[in-house]
Amino acid sequence: MLSSVLKAVVALASAQIASCIPLESSAESSQSSKRWLQGGKVRGVNLGSQFIIEPWMAHDEWQKMGCGSANDEWQCVQALGQDKADAAFKQHWETWTTQDDITQIKKLGLNTVRIPVGYWIFDDLVYDGEYFPRGGIDYLDKLVGWCADAGIYVIMDLHGGPGAQFPNQQYTGHGVSKPGFYTQDNYERAYKFLERMTERIHTNNTYRTVGTLEVINEPVHSSDYPSQAADLVANYYPNAWNRIRNAEDKLNIAADKRINIQMMDKSWGSGDPSSHLPDKTGALYDDHKYYKWDGSVKTTKDGYISAACNDNRGGNNVIVGEWSLSVADSVQSNDEFGIANRPDQAGWYKQYWAAQVQTFEKSGGWVFWSWKCNWIGGMNEWRWCYKSAVAAGAIPEDAGSAASLSPC
């Protein structure tokens with residue numbers, strides 16, 4: 001996820017890039033200026049489906065909202081009508097992630113959350129003829145405030161870009177056959193999102209532990225969309241960087257208080273994100289490593305453990321921002337890996353969790369996908385859900401215990 005960081009990143013880099021974690025003390029973390037704890041590792045969870053609902057992982061919730069067979073947020077809003085949809089999403093935002101969840105996250109030894117949001121969190125960036133829920137920013141303000149009060153670091157992630165950055169994916173908020181993000185008009189809307197979020201981070205005290213801003217989640221791969229990926233690297237990334245830093249310049253933000261700017265790591269397959277950046281001070285890179293979809297992994301328990309133990313995801317400026325306990329579709333329900341009515345499987349999955357964590361902490365750390373989900377494939381599929389995996393005994397109650405549990 002990232003290229004090397006300039007040596008000039010002395011106090012800033014060692015504080016921001018090596019650890020990316022706020023001070024543990026609630027008194028210190030409540031100060032308006034950003035404070036950093038050197039030497040730690042990111043240990044976190046994604047708050048998936050909070051602001052961009054993915055029906056595959058929130059089936060019951062989607063049905064309760066009245067979204068039925070809608071594929072994504074766009075289709076649900078279009079089907080329900082704006083006012084009815086706004087009311088349904090408001091109820092979802094209030095209940096999917098609560099302050100009790102943030103308290104539990106902290107108690108489990110986690111220090112970070114990644115919050116996926118769409119550009120439509122700012123209502124006025126949505127064009128006529130686009131269909132997204134309105135009013136989410138008020139709930140985002142509340143959520144980051146809970147995180148700040150708990151001393152939890154926040155990665156703010158532009159998960160759904162204008163026009164959709166990847167085809168046929170619910171995480172973009174609008175499943176489309178061809179990605180429409182890669183135009184100057186849609187880039188400009190994304191830049192405005194980044195500028196406003198940067199200003200909010202620095203001027204709204206509830207955002208005091210938001211220290212990283214990811215400029216776009218999972219863009220297209222160079223192998224499938226070479227011109228769009230090349231344009232992303234050559235134009236979108238450096239311009240996004242400049243717009244964020246210029247916004248900080250206007251606010252007179254000191255160098256040691258500036259946010260980290262995160263891009264997808266080159267391992268994602270969109271090109272080298274650092275190749276056209278005007279600077280690399282405060283750059284972070286997001287690596288999504290799902291062994292489930294790695295065709296080189298031997299699909300046995302020993303094969304998955306070996307793959308995790310022997311992997312290397314990069315340096316301290318690389319954070320594995322998405323991963324899970326899931327295994328290949330072809331074996332996930334067989335006798336070796338199935339979890340339905342199989343509490344005896346929790347022990348192996350705990351080892352698999354520990355093997356991945358130990359490897360990812362050789363880099364900057366990790367953020368599990370996801371904290372919460374409900375009823376995937378008609379079952380309690382805790383391989384994707386940290387909260388329920390802890391309840392099932394497949395993830396320990398201390399996120400820092402991987403070294404003592406790892407089979408590596």
# chains A, B, ... in the order shown; residues from 1 in each chain; ligands from 1

call {"tool": "residues_around", "arguments": {"residues": "Ser388 (chain A)", "least_positions_apart": "3", "cutoff": "12 Å", "atoms": "only C-alpha atoms", "output": "CSV table (one decimal) with N, CA and C atoms, in the first residue's frame"}}
result
chain,number,residue,atom,x,y,z
A,101,ASP,N,-21.4,-0.2,20.9
A,101,ASP,CA,-20.4,-0.9,20.0
A,101,ASP,C,-19.0,-0.3,20.1
A,104,GLN,N,-17.5,-1.4,23.2
A,104,GLN,CA,-17.0,-2.8,23.1
A,104,GLN,C,-15.8,-2.9,22.3
A,346,ALA,N,-14.1,-23.2,15.9
A,346,ALA,CA,-13.7,-21.9,16.4
A,346,ALA,C,-12.2,-21.9,16.7
A,370,SER,N,-15.8,-7.2,8.8
A,370,SER,CA,-16.2,-5.9,9.3
A,370,SER,C,-16.5,-6.1,10.7
A,371,TRP,N,-16.9,-5.0,11.4
A,371,TRP,CA,-17.3,-5.1,12.8
A,371,TRP,C,-18.5,-5.9,13.0
A,372,LYS,N,-19.5,-5.6,12.1
A,372,LYS,CA,-20.9,-6.2,12.3
A,372,LYS,C,-21.4,-6.5,11.0
A,373,CYS,N,-22.2,-7.6,10.9
A,373,CYS,CA,-23.0,-8.0,9.8
A,373,CYS,C,-24.2,-8.8,10.3
A,374,ASN,N,-25.1,-9.1,9.4
A,374,ASN,CA,-26.2,-10.0,9.9
A,374,ASN,C,-26.7,-10.8,8.7
A,375,TRP,N,-26.8,-12.1,9.0
A,375,TRP,CA,-27.4,-13.1,8.2
A,375,TRP,C,-26.9,-13.1,6.8
A,379,MET,N,-27.2,-17.5,7.5
A,379,MET,CA,-26.6,-18.1,8.7
A,379,MET,C,-25.8,-17.0,9.4
A,380,ASN,N,-25.4,-17.3,10.6
A,380,ASN,CA,-24.5,-16.4,11.4
A,380,ASN,C,-23.1,-16.6,10.8
A,381,GLU,N,-22.7,-15.8,9.8
A,381,GLU,CA,-21.5,-16.0,9.1
A,381,GLU,C,-20.4,-15.1,9.7
A,382,TRP,N,-19.9,-15.6,10.9
A,382,TRP,CA,-19.0,-14.8,11.7
A,382,TRP,C,-17.6,-14.7,11.1
A,383,ARG,N,-17.3,-15.4,10.0
A,383,ARG,CA,-16.0,-15.2,9.4
A,383,ARG,C,-15.8,-13.8,8.8
A,384,TRP,N,-16.9,-13.1,8.6
A,384,TRP,CA,-16.9,-11.7,8.1
A,384,TRP,C,-17.2,-10.7,9.2
A,385,CYS,N,-17.5,-11.1,10.4
A,385,CYS,CA,-18.0,-10.2,11.4
A,385,CYS,C,-17.2,-10.3,12.7
A,391,ALA,N,-17.9,-13.5,19.9
A,391,ALA,CA,-18.9,-14.2,20.6
A,391,ALA,C,-18.8,-15.7,20.4
A,392,ALA,N,-18.4,-16.1,19.2
A,392,ALA,CA,-18.3,-17.5,18.8
A,392,ALA,C,-17.0,-18.2,19.3
A,393,GLY,N,-16.1,-17.3,19.8
A,393,GLY,CA,-14.8,-17.9,20.3
A,393,GLY,C,-13.7,-18.0,19.2
A,394,ALA,N,-14.0,-17.4,18.0
A,394,ALA,CA,-13.1,-17.6,16.9
A,394,ALA,C,-12.1,-16.4,16.8
A,395,ILE,N,-12.3,-15.3,17.6
A,395,ILE,CA,-11.4,-14.2,17.8
A,395,ILE,C,-11.3,-14.0,19.3
A,396,PRO,N,-10.1,-13.8,19.8
A,396,PRO,CA,-9.9,-13.6,21.2
A,396,PRO,C,-10.5,-12.2,21.7
A,397,GLU,N,-10.7,-12.1,23.0
A,397,GLU,CA,-11.2,-10.8,23.5
A,397,GLU,C,-10.1,-9.8,23.7

call {"tool": "select_by_dssp", "arguments": {"residues": "region 195-357 of chain A", "states": "helix (DSSP H, G or I)", "output": "ChimeraX atom specification"}}
result
/A:195-203,205-207,226-250,255-257,266-268,291-293,301-309,343-357

call {"tool": "residues_around", "arguments": {"residues": "Ser401 (chain A)", "least_positions_apart": "6", "cutoff": "12 Å", "atoms": "only C-alpha atoms", "output": "ChimeraX atom specification"}}
result
/A:43,108-110,350-351,353-355,357-358,361,395

call {"tool": "write_last_selection", "arguments": {"atoms": "N, CA, C and O atoms", "output": "compact mmCIF listing (two decimals), in the first residue's frame"}}
result
# COMPACT_ATOMS: atom_id res chain seq x y z
N ARG A 43 -4.82 -1.63 15.08
CA ARG A 43 -5.63 -2.83 15.31
C ARG A 43 -7.07 -2.38 15.30
O ARG A 43 -7.54 -1.75 16.24
N LEU A 108 -12.15 -4.60 23.58
CA LEU A 108 -11.54 -5.76 22.93
C LEU A 108 -10.09 -5.50 22.53
O LEU A 108 -9.47 -6.34 21.87
N GLY A 109 -9.56 -4.35 22.93
CA GLY A 109 -8.17 -4.05 22.65
C GLY A 109 -7.93 -3.46 21.27
O GLY A 109 -6.78 -3.36 20.83
N LEU A 110 -9.00 -3.05 20.61
CA LEU A 110 -8.88 -2.42 19.30
C LEU A 110 -8.67 -0.92 19.49
O LEU A 110 -9.20 -0.33 20.43
N LYS A 350 -9.43 -19.28 15.16
CA LYS A 350 -8.67 -18.38 16.04
C LYS A 350 -7.19 -18.41 15.66
O LYS A 350 -6.52 -17.37 15.66
N GLN A 351 -6.68 -19.58 15.31
CA GLN A 351 -5.30 -19.66 14.83
C GLN A 351 -5.13 -18.91 13.51
O GLN A 351 -4.12 -18.23 13.29
N TRP A 353 -6.91 -16.40 12.47
CA TRP A 353 -6.93 -14.97 12.82
C TRP A 353 -5.55 -14.53 13.31
O TRP A 353 -5.01 -13.52 12.84
N ALA A 354 -4.97 -15.30 14.23
CA ALA A 354 -3.68 -14.92 14.82
C ALA A 354 -2.56 -14.93 13.79
O ALA A 354 -1.67 -14.07 13.82
N ALA A 355 -2.58 -15.87 12.87
CA ALA A 355 -1.54 -15.94 11.85
C ALA A 355 -1.59 -14.69 10.96
O ALA A 355 -0.54 -14.11 10.63
N VAL A 357 -2.97 -11.73 11.75
CA VAL A 357 -2.64 -10.55 12.56
C VAL A 357 -1.13 -10.44 12.75
O VAL A 357 -0.55 -9.34 12.62
N GLN A 358 -0.49 -11.53 13.07
CA GLN A 358 0.95 -11.48 13.30
C GLN A 358 1.69 -11.01 12.05
O GLN A 358 2.63 -10.20 12.13
N GLU A 361 0.92 -7.23 11.31
CA GLU A 361 1.59 -6.31 12.24
C GLU A 361 3.09 -6.20 11.96
O GLU A 361 3.77 -5.38 12.58
N ILE A 395 -12.34 -15.35 17.60
CA ILE A 395 -11.40 -14.24 17.76
C ILE A 395 -11.30 -13.98 19.25
O ILE A 395 -12.32 -13.94 19.95

call {"tool": "residues_around", "arguments": {"residues": "region 179-194 of chain A", "least_positions_apart": "3", "cutoff": "6 Å", "atoms": "only C-alpha atoms", "output": "list of chain:residue names"}}
result
A:Pro162, A:Gly163, A:Ala164, A:Gln165, A:Phe166, A:Pro167, A:Met197, A:Thr198, A:Ala240

call {"tool": "closest_residue", "arguments": {"among": "A:Ala58, A:Leu47, A:Ala308, A:Ile152", "to": "Thr103 (chain A)", "atoms": "only C-alpha atoms"}}
result
A:Ile152

call {"tool": "atom_distance", "arguments": {"atom1": "CA of Met263 (chain A)", "atom2": "CA of Tyr285 (chain A)"}}
result
5.0 Å

call {"tool": "closest_residue", "arguments": {"among": "A:Ile137, A:Leu80, A:Val126, A:Met264", "to": "Met65 (chain A)", "atoms": "only C-alpha atoms"}}
result
A:Leu80

call {"tool": "residues_around", "arguments": {"residues": "Asp249 (chain A)", "least_positions_apart": "6", "cutoff": "10 Å", "atoms": "only C-alpha atoms", "output": "PyMOL selection string"}}
result
chain A and resi 243+255+258

call {"tool": "closest_residue", "arguments": {"among": "A:Gly377, A:Gly282, A:Pro407, A:Pro343", "to": "Tyr304 (chain A)", "atoms": "only C-alpha atoms"}}
result
A:Pro407

call {"tool": "select_by_dssp", "arguments": {"residues": "region 153-219 of chain A", "states": "strand (DSSP E)", "output": "JSON, numbers by chain"}}
result
{"A": [153, 154, 155, 156, 157, 158, 159, 160, 210, 211, 212, 213, 214]}

call {"tool": "decode", "arguments": {"residues": "region 393-408 of chain A", "atoms": "all heavy atoms", "output": "compact mmCIF listing (two decimals), in the first residue's frame"}}
result
# COMPACT_ATOMS: atom_id res chain seq x y z
N GLY A 393 -16.06 -17.35 19.84
CA GLY A 393 -14.78 -17.86 20.31
C GLY A 393 -13.74 -18.01 19.22
O GLY A 393 -12.68 -18.61 19.44
N ALA A 394 -14.01 -17.44 18.02
CA ALA A 394 -13.08 -17.56 16.90
C ALA A 394 -12.09 -16.41 16.85
O ALA A 394 -11.11 -16.47 16.10
CB ALA A 394 -13.87 -17.63 15.60
N ILE A 395 -12.34 -15.35 17.60
CA ILE A 395 -11.40 -14.24 17.76
C ILE A 395 -11.30 -13.98 19.25
O ILE A 395 -12.32 -13.94 19.95
CB ILE A 395 -11.89 -12.97 17.01
CG1 ILE A 395 -11.82 -13.20 15.48
CG2 ILE A 395 -11.06 -11.77 17.38
CD1 ILE A 395 -12.32 -12.02 14.66
N PRO A 396 -10.10 -13.79 19.78
CA PRO A 396 -9.95 -13.59 21.23
C PRO A 396 -10.47 -12.23 21.67
O PRO A 396 -10.66 -11.32 20.86
CB PRO A 396 -8.44 -13.69 21.43
CG PRO A 396 -7.86 -13.30 20.12
CD PRO A 396 -8.80 -13.80 19.08
N GLU A 397 -10.68 -12.08 22.96
CA GLU A 397 -11.19 -10.82 23.51
C GLU A 397 -10.09 -9.79 23.66
O GLU A 397 -10.37 -8.65 24.01
CB GLU A 397 -11.88 -11.09 24.84
CG GLU A 397 -13.15 -11.92 24.70
CD GLU A 397 -13.91 -12.08 26.00
OE1 GLU A 397 -13.41 -11.57 27.04
OE2 GLU A 397 -14.98 -12.71 25.99
N ASP A 398 -8.86 -10.16 23.42
CA ASP A 398 -7.73 -9.23 23.46
C ASP A 398 -7.08 -9.20 22.09
O ASP A 398 -6.43 -10.16 21.68
CB ASP A 398 -6.73 -9.65 24.52
CG ASP A 398 -5.49 -8.76 24.55
OD1 ASP A 398 -5.49 -7.70 23.88
OD2 ASP A 398 -4.52 -9.12 25.24
N ALA A 399 -7.25 -8.09 21.37
CA ALA A 399 -6.70 -7.98 20.01
C ALA A 399 -5.18 -8.02 20.00
O ALA A 399 -4.57 -8.26 18.95
CB ALA A 399 -7.18 -6.68 19.35
N GLY A 400 -4.55 -7.83 21.15
CA GLY A 400 -3.10 -7.85 21.22
C GLY A 400 -2.51 -9.21 21.53
O GLY A 400 -1.30 -9.32 21.78
N SER A 401 -3.32 -10.25 21.49
CA SER A 401 -2.86 -11.56 21.92
C SER A 401 -2.39 -12.47 20.79
O SER A 401 -2.08 -13.64 21.01
CB SER A 401 -3.98 -12.29 22.68
OG SER A 401 -5.09 -12.53 21.82
N ALA A 402 -2.28 -11.93 19.57
CA ALA A 402 -1.97 -12.78 18.43
C ALA A 402 -0.64 -13.52 18.58
O ALA A 402 -0.53 -14.69 18.23
CB ALA A 402 -1.96 -11.95 17.14
N ALA A 403 0.37 -12.84 19.09
CA ALA A 403 1.69 -13.47 19.18
C ALA A 403 1.68 -14.74 20.02
O ALA A 403 2.37 -15.71 19.71
CB ALA A 403 2.71 -12.48 19.74
N SER A 404 0.84 -14.73 21.05
CA SER A 404 0.78 -15.90 21.93
C SER A 404 -0.07 -17.02 21.35
O SER A 404 0.00 -18.16 21.81
CB SER A 404 0.24 -15.50 23.30
OG SER A 404 -1.11 -15.05 23.21
N LEU A 405 -0.87 -16.71 20.33
CA LEU A 405 -1.79 -17.69 19.75
C LEU A 405 -1.36 -18.17 18.37
O LEU A 405 -1.81 -19.21 17.90
CB LEU A 405 -3.19 -17.08 19.62
CG LEU A 405 -3.89 -16.65 20.90
CD1 LEU A 405 -5.15 -15.86 20.57
CD2 LEU A 405 -4.24 -17.86 21.77
N SER A 406 -0.50 -17.41 17.73
CA SER A 406 -0.18 -17.68 16.32
C SER A 406 0.54 -19.01 16.13
O SER A 406 1.46 -19.34 16.87
CB SER A 406 0.67 -16.55 15.76
OG SER A 406 1.08 -16.87 14.45
N PRO A 407 0.15 -19.75 15.11
CA PRO A 407 0.84 -21.00 14.79
C PRO A 407 2.08 -20.80 13.94
O PRO A 407 2.77 -21.78 13.61
CB PRO A 407 -0.23 -21.79 14.00
CG PRO A 407 -1.00 -20.71 13.30
CD PRO A 407 -1.05 -19.54 14.25
N CYS A 408 2.39 -19.57 13.59
CA CYS A 408 3.53 -19.31 12.70
C CYS A 408 4.87 -19.66 13.39
O CYS A 408 5.01 -19.40 14.59
CB CYS A 408 3.54 -17.83 12.31
SG CYS A 408 2.07 -17.33 11.36
